[in-house]
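Colleague: There's a structure below that I have some questions on.
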Amino acid sequence: MLVLLSGVSGAGKDTIKKELIEKMENVESLPSYTDRNPRSNDIPGVTYNFVTTEEFEEMIKRGELYEYSVHHEHYYGTSKKLLNEKIANGKIIVKDIEVNGVENLTKLLGNEVKIVTIFLRVPKDELQKRLEQRIDKLSIKEIQLRLNRFDFEESKIGMYDYVIKNNNLEKTVNIIMEIIKNEYNSTDVEF
């Protein structure tokens, strides 16, 4: 099962993903590939798989990605090899991904893999506070880039299975854990 966590930058995707992995058995992350530079809190191979722009473009040419996009001026993409390995191992995969990636993966894999899509909502003023207070200290330009995508990302919530207002971490994690359990248990049911 593939759980796609989405929402604007600063909505809490990465924090929630870490909590889910810590609290649930059989749940793993699927880090995206990116050509952006690692930040101080990034762990290569865990938060992201870091490659150069040239390496990323070679991955595109070789057809190694299910989907990719340019997001906040950098490439991000989902490795076919890594995703297929985790699915073959029977893992519940939690991936934080932007809205275009959700749309593409759902179209490509929706008939082959059970996909659950969750959008995390945060009010715009709260989002700005979160971005300004991030540990990795974004520049004003980076904050503005993320805020400029707010309306676009919010306009896509109709394609998600679940939309959750993330204003309380513990509550949000508990809700998502219940969603995962219920969806996982319903995978054997035929309609």
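By convention here, the chains of the structure tokens are called A, B, ... in the order presented, each chain's residues are numbered starting at 1, and ligands are numbered starting at 1 in the order presented.
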I'd like the neighbourhood of A:Gly7 as a PyMOL selection string, where a residue qualifies if any of its atoms comes within 10 Å (using only C-alpha atoms), though same-chain residues fewer than 3 positions away should be ignored.
Modeller: chain A and resi 10-13+96-99+118-122+150+153-154+156-157+163-164+166
Colleague: Got a sec: who's within 12 Å of A:Gln128, counting only C-alpha atoms, leaving out chain neighbours fewer than 5 positions off, as a list of chain:residue names?
Modeller: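 Counting only C-alpha atoms, the residues come to A:Val8, A:Ser9, A:Gly10, A:Ala11, A:Val122, A:Pro123, A:Gln133, A:Arg134, A:Leu138, A:Ile140, A:Glu142, A:Ile143, A:Gln144, A:Leu145, A:Arg146, A:Leu147, A:Asn148, A:Phe150.
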Colleague: Could you take the residues named above and write them with C-alpha atoms, as a PDB file, in the first residue's frame?
Modeller:
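Listing of selection_17.pdb after writing:
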ATOM      1  CA  VAL A   8       1.979  22.997   0.981  1.00  0.00           C
ATOM      2  CA  SER A   9       5.567  23.331   2.164  1.00  0.00           C
ATOM      3  CA  GLY A  10       5.419  23.686   5.948  1.00  0.00           C
ATOM      4  CA  ALA A  11       2.203  21.682   6.357  1.00  0.00           C
ATOM      5  CA  VAL A 122      -2.802  24.647   7.136  1.00  0.00           C
ATOM      6  CA  PRO A 123      -4.204  28.201   7.103  1.00  0.00           C
ATOM      7  CA  GLN A 133      10.361  29.508  12.173  1.00  0.00           C
ATOM      8  CA  ARG A 134      11.769  26.450  10.390  1.00  0.00           C
ATOM      9  CA  LEU A 138      14.525  29.549   4.625  1.00  0.00           C
ATOM     10  CA  ILE A 140      12.644  35.338   2.226  1.00  0.00           C
ATOM     11  CA  GLU A 142      12.221  30.617  -0.527  1.00  0.00           C
ATOM     12  CA  ILE A 143       9.356  31.479   1.835  1.00  0.00           C
ATOM     13  CA  GLN A 144       7.676  33.543  -0.883  1.00  0.00           C
ATOM     14  CA  LEU A 145       8.110  30.715  -3.420  1.00  0.00           C
ATOM     15  CA  ARG A 146       6.272  28.353  -1.050  1.00  0.00           C
ATOM     16  CA  LEU A 147       3.523  30.836  -0.199  1.00  0.00           C
ATOM     17  CA  ASN A 148       2.973  31.518  -3.917  1.00  0.00           C
ATOM     18  CA  PHE A 150      -0.522  27.865  -1.626  1.00  0.00           C
TER      19      PHE A 150
END
Colleague: Nearest to A:Tyr33 among A:Gly45, A:Gly63, A:Gly101, A:Gly77, with distances taken over only C-alpha atoms: which residue is it?
Modeller: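 Between A:Gly45, A:Gly63, A:Gly101, A:Gly77, the residue approaching A:Tyr33 most closely is A:Gly77.
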Colleague: Name all residues at most 8 Å from A:Lys17 (count only C-alpha atoms; drop same-chain ones fewer than 2 positions away) and give them as a list in words.
Modeller: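 Counting only C-alpha atoms, the residues come to Lys13, Asp14, Thr15, Glu19, Leu20, Ile21, Ser29, Val94, Lys95 and Asp96 of chain A.
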Colleague: Separation of atom CA of A:Asp35 and atom CA of A:Lys129, in Å?
Modeller: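 Computed distance, atom CA of A:Asp35 to atom CA of A:Lys129, equals 26.6 Å.
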